[in-house]
Amino acid sequence: MTDTFKRLEGASLDSRYPLGEILDAIRFNDDGLIPAIAQQHDSGEVLMMAWMNRKALEETLATGRVCYWSRSKGKLWRKGESSGQQQHLRSAALDCDGDTLLMQVDQTGPACHSGRRSCFYVSLEGEDARITSAPLIDPEALYGKR
């Protein structure tokens, strides 16, 4: 844990710190990434987890439109740029170690590339894995044939 986040443990309610100082203290992994969890702001539903580098986080905070780092494409990925299913940031918070981000978002339509509202639709139950939701939109309608 960085000294900054250790110092924040004893901070009083409503203490304020310069954003740049906190961004400098984030514990990005060896690839320069931090896990970012998107949660629907009004229902609490966990929609997805993706990765952000510092540039994606800074863009998200500056614009209010959620931007991630695509590990498969090796570039910034603005949620909804190809599907139209955007995420708009309502609030963002780091965990106590500064190595995970939780965002409250307003999600337009499905968050998952499968066309489902949430990426978390495979429930592990005893000896089985059960699909817990149907697609809201056919993925081919969102992205075309893959």
# chains A, B, ... in the order shown; residues from 1 in each chain; ligands from 1

call {"tool": "select_by_dssp", "arguments": {"residues": "chain A", "states": "helix (DSSP H, G or I)", "output": "PyMOL selection string"}}
result
chain A and resi 3-8+19-25+54-63+139-143

call {"tool": "write_last_selection", "arguments": {"atoms": "C-alpha atoms", "output": "mmCIF file, in the first residue's frame"}}
result
data_model
loop_
_atom_site.group_PDB
_atom_site.id
_atom_site.type_symbol
_atom_site.label_atom_id
_atom_site.label_comp_id
_atom_site.auth_asym_id
_atom_site.auth_seq_id
_atom_site.Cartn_x
_atom_site.Cartn_y
_atom_site.Cartn_z
ATOM 1 C CA ASP A 3 1.920 6.026 1.902
ATOM 2 C CA THR A 4 -0.903 8.109 0.464
ATOM 3 C CA PHE A 5 -3.541 5.427 0.972
ATOM 4 C CA LYS A 6 -2.111 4.549 4.389
ATOM 5 C CA ARG A 7 -2.484 8.231 5.332
ATOM 6 C CA LEU A 8 -6.077 8.274 4.063
ATOM 7 C CA LEU A 19 -6.863 14.594 -7.438
ATOM 8 C CA GLY A 20 -3.417 14.408 -9.029
ATOM 9 C CA GLU A 21 -1.902 13.203 -5.750
ATOM 10 C CA ILE A 22 -4.458 10.396 -5.515
ATOM 11 C CA LEU A 23 -4.073 9.396 -9.186
ATOM 12 C CA ASP A 24 -0.294 9.274 -8.686
ATOM 13 C CA ALA A 25 -0.785 6.909 -5.735
ATOM 14 C CA ARG A 54 -4.421 6.160 -16.107
ATOM 15 C CA LYS A 55 -5.361 7.788 -19.409
ATOM 16 C CA ALA A 56 -8.735 5.970 -19.500
ATOM 17 C CA LEU A 57 -9.435 6.973 -15.900
ATOM 18 C CA GLU A 58 -8.504 10.598 -16.534
ATOM 19 C CA GLU A 59 -10.700 10.714 -19.648
ATOM 20 C CA THR A 60 -13.610 9.161 -17.759
ATOM 21 C CA LEU A 61 -13.306 11.683 -14.931
ATOM 22 C CA ALA A 62 -12.939 14.613 -17.361
ATOM 23 C CA THR A 63 -15.765 13.724 -19.764
ATOM 24 C CA PRO A 139 -25.287 -9.330 -30.166
ATOM 25 C CA GLU A 140 -25.207 -9.347 -33.979
ATOM 26 C CA ALA A 141 -27.571 -6.365 -33.934
ATOM 27 C CA LEU A 142 -25.114 -4.566 -31.614
ATOM 28 C CA TYR A 143 -21.832 -5.467 -33.288
#

call {"tool": "closest_atom_pairs", "arguments": {"of": "segment 28-76 of chain A", "to": "segment 92-96 of chain A", "cutoff": "12 Å", "atoms": "only C-alpha atoms", "output": "Markdown table"}}
result
| residue | atom | partner | partner_atom | distance |
| --- | --- | --- | --- | --- |
| A:Phe28 | CA | A:Leu94 | CA | 11.8 |
| A:Ile34 | CA | A:Leu94 | CA | 10.1 |
| A:Pro35 | CA | A:Leu94 | CA | 10.2 |
| A:Ala36 | CA | A:Leu94 | CA | 9.2 |
| A:Ile37 | CA | A:Ala92 | CA | 9.7 |
| A:Ala38 | CA | A:Ala92 | CA | 9.3 |
| A:Gln39 | CA | A:Ala92 | CA | 10.1 |
| A:Gln40 | CA | A:Ala92 | CA | 11.9 |
| A:His41 | CA | A:Ala92 | CA | 10.5 |
| A:Leu57 | CA | A:Ala92 | CA | 9.8 |
| A:Glu58 | CA | A:Ala92 | CA | 11.5 |
| A:Thr60 | CA | A:Ala92 | CA | 9.6 |
| A:Leu61 | CA | A:Ala92 | CA | 8.2 |
| A:Ala62 | CA | A:Ala92 | CA | 11.9 |
| A:Gly64 | CA | A:Ala92 | CA | 10.3 |
| A:Arg65 | CA | A:Ala92 | CA | 12.0 |
| A:Val66 | CA | A:Ala92 | CA | 10.5 |

call {"tool": "write_last_selection", "arguments": {"atoms": "N, CA and C atoms", "output": "mmCIF file, in the first residue's frame"}}
result
data_model
loop_
_atom_site.group_PDB
_atom_site.id
_atom_site.type_symbol
_atom_site.label_atom_id
_atom_site.label_comp_id
_atom_site.auth_asym_id
_atom_site.auth_seq_id
_atom_site.Cartn_x
_atom_site.Cartn_y
_atom_site.Cartn_z
ATOM 1 N N PHE A 28 -1.576 0.739 -9.916
ATOM 2 C CA PHE A 28 -1.783 0.071 -11.191
ATOM 3 C C PHE A 28 -0.934 -1.197 -11.210
ATOM 4 N N ILE A 34 -5.782 -0.996 -13.765
ATOM 5 C CA ILE A 34 -6.519 -1.172 -12.523
ATOM 6 C C ILE A 34 -7.880 -1.765 -12.872
ATOM 7 N N PRO A 35 -8.375 -2.748 -12.083
ATOM 8 C CA PRO A 35 -9.723 -3.259 -12.341
ATOM 9 C C PRO A 35 -10.756 -2.172 -12.030
ATOM 10 N N ALA A 36 -11.742 -2.054 -12.907
ATOM 11 C CA ALA A 36 -12.798 -1.046 -12.768
ATOM 12 C C ALA A 36 -14.149 -1.747 -12.834
ATOM 13 N N ILE A 37 -14.897 -1.660 -11.760
ATOM 14 C CA ILE A 37 -16.211 -2.293 -11.663
ATOM 15 C C ILE A 37 -17.271 -1.238 -11.945
ATOM 16 N N ALA A 38 -18.188 -1.556 -12.861
ATOM 17 C CA ALA A 38 -19.290 -0.647 -13.184
ATOM 18 C C ALA A 38 -20.563 -1.175 -12.533
ATOM 19 N N GLN A 39 -21.214 -0.322 -11.765
ATOM 20 C CA GLN A 39 -22.442 -0.660 -11.053
ATOM 21 C C GLN A 39 -23.511 0.358 -11.429
ATOM 22 N N GLN A 40 -24.711 -0.124 -11.747
ATOM 23 C CA GLN A 40 -25.811 0.772 -12.076
ATOM 24 C C GLN A 40 -26.135 1.627 -10.857
ATOM 25 N N HIS A 41 -26.108 2.936 -11.028
ATOM 26 C CA HIS A 41 -26.203 3.859 -9.895
ATOM 27 C C HIS A 41 -27.505 3.767 -9.126
ATOM 28 N N LEU A 57 -8.833 6.423 -17.120
ATOM 29 C CA LEU A 57 -9.435 6.973 -15.900
ATOM 30 C C LEU A 57 -9.537 8.487 -15.978
ATOM 31 N N GLU A 58 -8.478 9.137 -16.420
ATOM 32 C CA GLU A 58 -8.504 10.598 -16.534
ATOM 33 C C GLU A 58 -9.564 11.050 -17.531
ATOM 34 N N THR A 60 -12.312 9.422 -18.378
ATOM 35 C CA THR A 60 -13.610 9.161 -17.759
ATOM 36 C C THR A 60 -13.978 10.265 -16.777
ATOM 37 N N LEU A 61 -13.043 10.635 -15.919
ATOM 38 C CA LEU A 61 -13.306 11.683 -14.931
ATOM 39 C C LEU A 61 -13.537 13.042 -15.592
ATOM 40 N N ALA A 62 -12.830 13.310 -16.680
ATOM 41 C CA ALA A 62 -12.939 14.613 -17.361
ATOM 42 C C ALA A 62 -14.215 14.733 -18.182
ATOM 43 N N GLY A 64 -17.010 12.320 -18.210
ATOM 44 C CA GLY A 64 -18.214 11.707 -17.677
ATOM 45 C C GLY A 64 -18.692 10.516 -18.489
ATOM 46 N N ARG A 65 -18.050 10.242 -19.592
ATOM 47 C CA ARG A 65 -18.367 9.050 -20.390
ATOM 48 C C ARG A 65 -17.288 8.007 -20.112
ATOM 49 N N VAL A 66 -17.706 6.803 -19.718
ATOM 50 C CA VAL A 66 -16.747 5.807 -19.260
ATOM 51 C C VAL A 66 -15.893 5.291 -20.415
#

call {"tool": "residues_around", "arguments": {"residues": "segment 121-132 of chain A", "least_positions_apart": "6", "cutoff": "10 Å", "atoms": "only C-alpha atoms", "output": "ChimeraX atom specification"}}
result
/A:47,112,114

call {"tool": "write_last_selection", "arguments": {"atoms": "all heavy atoms", "output": "PDB file, in the first residue's frame"}}
result
ATOM      1  N   LEU A  47     -22.736  -4.438 -13.251  1.00  0.00           N
ATOM      2  CA  LEU A  47     -22.882  -4.621 -14.689  1.00  0.00           C
ATOM      3  C   LEU A  47     -21.684  -5.312 -15.325  1.00  0.00           C
ATOM      4  O   LEU A  47     -21.847  -6.182 -16.178  1.00  0.00           O
ATOM      5  CB  LEU A  47     -23.101  -3.266 -15.366  1.00  0.00           C
ATOM      6  CG  LEU A  47     -24.332  -2.493 -14.898  1.00  0.00           C
ATOM      7  CD1 LEU A  47     -24.307  -1.084 -15.467  1.00  0.00           C
ATOM      8  CD2 LEU A  47     -25.597  -3.226 -15.285  1.00  0.00           C
ATOM      9  N   CYS A 112     -23.258  -5.847 -21.429  1.00  0.00           N
ATOM     10  CA  CYS A 112     -22.453  -6.982 -21.872  1.00  0.00           C
ATOM     11  C   CYS A 112     -22.464  -7.132 -23.391  1.00  0.00           C
ATOM     12  O   CYS A 112     -23.486  -6.918 -24.045  1.00  0.00           O
ATOM     13  CB  CYS A 112     -22.993  -8.262 -21.229  1.00  0.00           C
ATOM     14  SG  CYS A 112     -22.007  -9.719 -21.583  1.00  0.00           S
ATOM     15  N   SER A 114     -22.634  -9.709 -24.883  1.00  0.00           N
ATOM     16  CA  SER A 114     -23.559 -10.796 -25.223  1.00  0.00           C
ATOM     17  C   SER A 114     -24.985 -10.280 -25.428  1.00  0.00           C
ATOM     18  O   SER A 114     -25.885 -11.053 -25.754  1.00  0.00           O
ATOM     19  CB  SER A 114     -23.561 -11.859 -24.115  1.00  0.00           C
ATOM     20  OG  SER A 114     -24.190 -11.354 -22.943  1.00  0.00           O
TER      21      SER A 114
END

call {"tool": "residues_around", "arguments": {"residues": "Cys119 of chain A", "least_positions_apart": "4", "cutoff": "9 Å", "atoms": "only C-alpha atoms", "output": "count of residues only"}}
result
10

call {"tool": "select_by_dssp", "arguments": {"residues": "segment 3-94 of chain A", "states": "strand (DSSP E)", "output": "compact mmCIF listing (two decimals) with all heavy atoms, in the first residue's frame"}}
result
# COMPACT_ATOMS: atom_id res chain seq x y z
N ILE A 34 -5.78 -1.00 -13.76
CA ILE A 34 -6.52 -1.17 -12.52
C ILE A 34 -7.88 -1.77 -12.87
O ILE A 34 -8.49 -1.37 -13.88
CB ILE A 34 -6.66 0.18 -11.77
CG1 ILE A 34 -7.32 0.00 -10.40
CG2 ILE A 34 -7.40 1.20 -12.60
CD1 ILE A 34 -7.33 1.27 -9.56
N PRO A 35 -8.38 -2.75 -12.08
CA PRO A 35 -9.72 -3.26 -12.34
C PRO A 35 -10.76 -2.17 -12.03
O PRO A 35 -10.66 -1.48 -11.02
CB PRO A 35 -9.87 -4.45 -11.40
CG PRO A 35 -8.71 -4.42 -10.48
CD PRO A 35 -7.73 -3.44 -10.99
N ALA A 36 -11.74 -2.05 -12.91
CA ALA A 36 -12.80 -1.05 -12.77
C ALA A 36 -14.15 -1.75 -12.83
O ALA A 36 -14.48 -2.36 -13.85
CB ALA A 36 -12.67 0.00 -13.87
N ILE A 37 -14.90 -1.66 -11.76
CA ILE A 37 -16.21 -2.29 -11.66
C ILE A 37 -17.27 -1.24 -11.94
O ILE A 37 -17.25 -0.16 -11.35
CB ILE A 37 -16.42 -2.89 -10.27
CG1 ILE A 37 -15.34 -3.94 -9.98
CG2 ILE A 37 -17.82 -3.48 -10.14
CD1 ILE A 37 -15.21 -4.31 -8.53
N ALA A 38 -18.19 -1.56 -12.86
CA ALA A 38 -19.29 -0.65 -13.18
C ALA A 38 -20.56 -1.18 -12.53
O ALA A 38 -20.95 -2.33 -12.74
CB ALA A 38 -19.47 -0.54 -14.69
N GLN A 39 -21.21 -0.32 -11.77
CA GLN A 39 -22.44 -0.66 -11.05
C GLN A 39 -23.51 0.36 -11.43
O GLN A 39 -23.24 1.57 -11.46
CB GLN A 39 -22.16 -0.62 -9.55
CG GLN A 39 -23.32 -1.01 -8.68
CD GLN A 39 -22.93 -1.01 -7.20
OE1 GLN A 39 -22.12 -0.21 -6.75
NE2 GLN A 39 -23.53 -1.90 -6.45
N GLN A 40 -24.71 -0.12 -11.75
CA GLN A 40 -25.81 0.77 -12.08
C GLN A 40 -26.14 1.63 -10.86
O GLN A 40 -26.38 1.10 -9.77
CB GLN A 40 -27.04 -0.02 -12.54
CG GLN A 40 -28.25 0.83 -12.89
CD GLN A 40 -28.02 1.78 -14.06
OE1 GLN A 40 -27.26 1.51 -14.96
NE2 GLN A 40 -28.70 2.92 -14.02
N VAL A 46 -24.50 -4.92 -10.40
CA VAL A 46 -23.14 -4.93 -10.92
C VAL A 46 -23.22 -5.32 -12.39
O VAL A 46 -23.72 -6.38 -12.74
CB VAL A 46 -22.23 -5.91 -10.14
CG1 VAL A 46 -20.85 -5.97 -10.75
CG2 VAL A 46 -22.15 -5.48 -8.67
N LEU A 47 -22.74 -4.44 -13.25
CA LEU A 47 -22.88 -4.62 -14.69
C LEU A 47 -21.68 -5.31 -15.33
O LEU A 47 -21.85 -6.18 -16.18
CB LEU A 47 -23.10 -3.27 -15.37
CG LEU A 47 -24.33 -2.49 -14.90
CD1 LEU A 47 -24.31 -1.08 -15.47
CD2 LEU A 47 -25.60 -3.23 -15.29
N MET A 48 -20.48 -4.89 -14.94
CA MET A 48 -19.31 -5.44 -15.61
C MET A 48 -18.05 -5.06 -14.84
O MET A 48 -18.08 -4.20 -13.97
CB MET A 48 -19.21 -4.93 -17.04
CG MET A 48 -19.12 -3.42 -17.17
SD MET A 48 -18.99 -2.84 -18.86
CE MET A 48 -17.29 -3.22 -19.23
N MET A 49 -16.97 -5.72 -15.20
CA MET A 49 -15.63 -5.35 -14.75
C MET A 49 -14.76 -5.29 -15.99
O MET A 49 -14.83 -6.16 -16.85
CB MET A 49 -15.08 -6.40 -13.78
CG MET A 49 -13.80 -5.96 -13.05
SD MET A 49 -12.28 -5.80 -13.99
CE MET A 49 -11.74 -7.46 -14.12
N ALA A 50 -13.99 -4.24 -16.08
CA ALA A 50 -13.05 -4.09 -17.18
C ALA A 50 -11.80 -3.44 -16.59
O ALA A 50 -11.69 -3.28 -15.37
CB ALA A 50 -13.65 -3.25 -18.31
N TRP A 51 -10.89 -3.06 -17.45
CA TRP A 51 -9.61 -2.50 -17.00
C TRP A 51 -9.48 -1.06 -17.46
O TRP A 51 -9.97 -0.70 -18.53
CB TRP A 51 -8.46 -3.32 -17.57
CG TRP A 51 -8.46 -4.72 -17.07
CD1 TRP A 51 -9.05 -5.81 -17.67
CD2 TRP A 51 -7.89 -5.22 -15.87
NE1 TRP A 51 -8.87 -6.93 -16.92
CE2 TRP A 51 -8.15 -6.60 -15.80
CE3 TRP A 51 -7.17 -4.62 -14.84
CZ2 TRP A 51 -7.72 -7.39 -14.74
CZ3 TRP A 51 -6.74 -5.42 -13.78
CH2 TRP A 51 -7.01 -6.77 -13.74
N MET A 52 -8.80 -0.26 -16.66
CA MET A 52 -8.48 1.12 -17.01
C MET A 52 -6.99 1.35 -16.80
O MET A 52 -6.43 0.84 -15.83
CB MET A 52 -9.24 2.11 -16.14
CG MET A 52 -10.70 2.25 -16.45
SD MET A 52 -11.36 3.58 -15.41
CE MET A 52 -12.94 3.82 -16.20
N CYS A 67 -14.60 5.27 -20.15
CA CYS A 67 -13.59 4.81 -21.10
C CYS A 67 -12.75 3.75 -20.41
O CYS A 67 -12.36 3.93 -19.25
CB CYS A 67 -12.73 6.00 -21.53
SG CYS A 67 -11.38 5.60 -22.65
N TYR A 68 -12.49 2.66 -21.09
CA TYR A 68 -11.68 1.57 -20.54
C TYR A 68 -10.45 1.38 -21.42
O TYR A 68 -10.31 1.99 -22.48
CB TYR A 68 -12.48 0.27 -20.52
CG TYR A 68 -13.69 0.29 -19.63
CD1 TYR A 68 -14.98 0.40 -20.16
CD2 TYR A 68 -13.55 0.17 -18.26
CE1 TYR A 68 -16.09 0.41 -19.33
CE2 TYR A 68 -14.66 0.18 -17.42
CZ TYR A 68 -15.93 0.29 -17.96
OH TYR A 68 -17.03 0.30 -17.14
N TRP A 69 -9.57 0.48 -20.98
CA TRP A 69 -8.44 0.04 -21.79
C TRP A 69 -8.77 -1.36 -22.27
O TRP A 69 -9.03 -2.26 -21.47
CB TRP A 69 -7.15 0.02 -20.98
CG TRP A 69 -6.00 -0.52 -21.77
CD1 TRP A 69 -5.47 -1.77 -21.70
CD2 TRP A 69 -5.29 0.15 -22.81
NE1 TRP A 69 -4.45 -1.91 -22.61
CE2 TRP A 69 -4.32 -0.74 -23.30
CE3 TRP A 69 -5.36 1.43 -23.37
CZ2 TRP A 69 -3.44 -0.41 -24.32
CZ3 TRP A 69 -4.49 1.76 -24.38
CH2 TRP A 69 -3.54 0.85 -24.84
N SER A 70 -8.80 -1.56 -23.58
CA SER A 70 -9.05 -2.88 -24.16
C SER A 70 -7.73 -3.63 -24.22
O SER A 70 -6.83 -3.26 -24.98
CB SER A 70 -9.64 -2.74 -25.56
OG SER A 70 -9.69 -4.01 -26.19
N LYS A 75 -5.84 -0.69 -26.92
CA LYS A 75 -6.15 0.74 -27.09
C LYS A 75 -7.31 1.13 -26.18
O LYS A 75 -8.00 0.27 -25.61
CB LYS A 75 -6.51 1.04 -28.54
CG LYS A 75 -7.79 0.39 -29.02
CD LYS A 75 -8.11 0.81 -30.46
CE LYS A 75 -9.51 0.33 -30.85
NZ LYS A 75 -9.91 0.88 -32.14
N LEU A 76 -7.53 2.45 -26.07
CA LEU A 76 -8.66 2.94 -25.30
C LEU A 76 -9.96 2.48 -25.95
O LEU A 76 -10.06 2.40 -27.17
CB LEU A 76 -8.63 4.47 -25.21
CG LEU A 76 -7.49 5.06 -24.39
CD1 LEU A 76 -7.53 6.58 -24.47
CD2 LEU A 76 -7.55 4.61 -22.94
N TRP A 77 -10.93 2.19 -25.10
CA TRP A 77 -12.23 1.70 -25.56
C TRP A 77 -13.29 2.50 -24.82
O TRP A 77 -13.44 2.39 -23.62
CB TRP A 77 -12.32 0.20 -25.28
CG TRP A 77 -13.68 -0.37 -25.15
CD1 TRP A 77 -14.73 -0.21 -25.99
CD2 TRP A 77 -14.15 -1.24 -24.11
NE1 TRP A 77 -15.81 -0.91 -25.53
CE2 TRP A 77 -15.47 -1.56 -24.38
CE3 TRP A 77 -13.54 -1.79 -22.97
CZ2 TRP A 77 -16.23 -2.38 -23.56
CZ3 TRP A 77 -14.29 -2.61 -22.15
CH2 TRP A 77 -15.61 -2.90 -22.46
N ARG A 78 -13.97 3.33 -25.55
CA ARG A 78 -15.05 4.13 -24.97
C ARG A 78 -16.32 3.30 -25.02
O ARG A 78 -16.80 2.96 -26.10
CB ARG A 78 -15.20 5.44 -25.73
CG ARG A 78 -14.03 6.36 -25.43
CD ARG A 78 -13.63 7.26 -26.58
NE ARG A 78 -12.35 7.89 -26.30
CZ ARG A 78 -11.19 7.43 -26.76
NH1 ARG A 78 -11.14 6.35 -27.52
NH2 ARG A 78 -10.06 8.05 -26.45
N GLN A 87 -21.97 4.12 -21.14
CA GLN A 87 -22.02 4.29 -19.69
C GLN A 87 -21.64 5.73 -19.38
O GLN A 87 -20.63 6.23 -19.87
CB GLN A 87 -21.02 3.36 -18.99
CG GLN A 87 -21.42 1.93 -18.99
CD GLN A 87 -20.38 1.02 -18.35
OE1 GLN A 87 -19.28 1.44 -18.02
NE2 GLN A 87 -20.74 -0.23 -18.20
N HIS A 88 -22.46 6.35 -18.55
CA HIS A 88 -22.18 7.72 -18.11
C HIS A 88 -21.89 7.68 -16.62
O HIS A 88 -22.67 7.13 -15.84
CB HIS A 88 -23.34 8.65 -18.44
CG HIS A 88 -23.58 8.74 -19.91
ND1 HIS A 88 -22.82 9.57 -20.72
CD2 HIS A 88 -24.43 8.09 -20.73
CE1 HIS A 88 -23.22 9.42 -21.97
NE2 HIS A 88 -24.18 8.53 -22.01
N LEU A 89 -20.76 8.25 -16.24
CA LEU A 89 -20.29 8.21 -14.87
C LEU A 89 -21.15 9.08 -13.97
O LEU A 89 -21.42 10.23 -14.29
CB LEU A 89 -18.83 8.69 -14.82
CG LEU A 89 -18.14 8.60 -13.48
CD1 LEU A 89 -17.93 7.15 -13.09
CD2 LEU A 89 -16.81 9.34 -13.54
N ARG A 90 -21.57 8.53 -12.85
CA ARG A 90 -22.26 9.28 -11.81
C ARG A 90 -21.31 9.57 -10.65
O ARG A 90 -21.33 10.65 -10.09
CB ARG A 90 -23.47 8.52 -11.30
CG ARG A 90 -24.62 8.41 -12.29
CD ARG A 90 -25.18 9.81 -12.58
NE ARG A 90 -26.42 9.76 -13.29
CZ ARG A 90 -27.62 9.85 -12.73
NH1 ARG A 90 -27.75 9.98 -11.43
NH2 ARG A 90 -28.71 9.81 -13.48
N SER A 91 -20.47 8.57 -10.30
CA SER A 91 -19.46 8.77 -9.26
C SER A 91 -18.42 7.66 -9.39
O SER A 91 -18.67 6.63 -10.01
CB SER A 91 -20.08 8.76 -7.86
OG SER A 91 -20.60 7.48 -7.55
N ALA A 92 -17.26 7.92 -8.81
CA ALA A 92 -16.17 6.94 -8.83
C ALA A 92 -15.49 6.95 -7.47
O ALA A 92 -15.34 8.01 -6.86
CB ALA A 92 -15.17 7.28 -9.93
N ALA A 93 -15.08 5.76 -7.03
CA ALA A 93 -14.40 5.63 -5.74
C ALA A 93 -13.33 4.55 -5.83
O ALA A 93 -13.54 3.51 -6.45
CB ALA A 93 -15.40 5.29 -4.64
N LEU A 94 -12.22 4.82 -5.20
CA LEU A 94 -11.14 3.83 -5.09
C LEU A 94 -11.31 3.05 -3.80
O LEU A 94 -11.83 3.59 -2.80
CB LEU A 94 -9.78 4.52 -5.09
CG LEU A 94 -9.39 5.16 -6.41
CD1 LEU A 94 -8.27 6.17 -6.19
CD2 LEU A 94 -8.97 4.08 -7.40

call {"tool": "residues_around", "arguments": {"residues": "Gly109 of chain A", "least_positions_apart": "4", "cutoff": "10 Å", "atoms": "only C-alpha atoms", "output": "list in words"}}
result
Gly80, Ser83, Gly84, Gln85, Gln86, Gln87, Gly115, Arg116, Arg117, Ser118, Leu136 and Ile137 of chain A

call {"tool": "closest_residue", "arguments": {"among": "A:Arg27, A:Gly44, A:Ser72, A:Asn53", "to": "Asp99 of chain A", "atoms": "only C-alpha atoms"}}
result
A:Arg27

call {"tool": "atom_distance", "arguments": {"atom1": "atom CA of Arg16 of chain A", "atom2": "atom CA of Asp42 of chain A"}}
result
25.7 Å
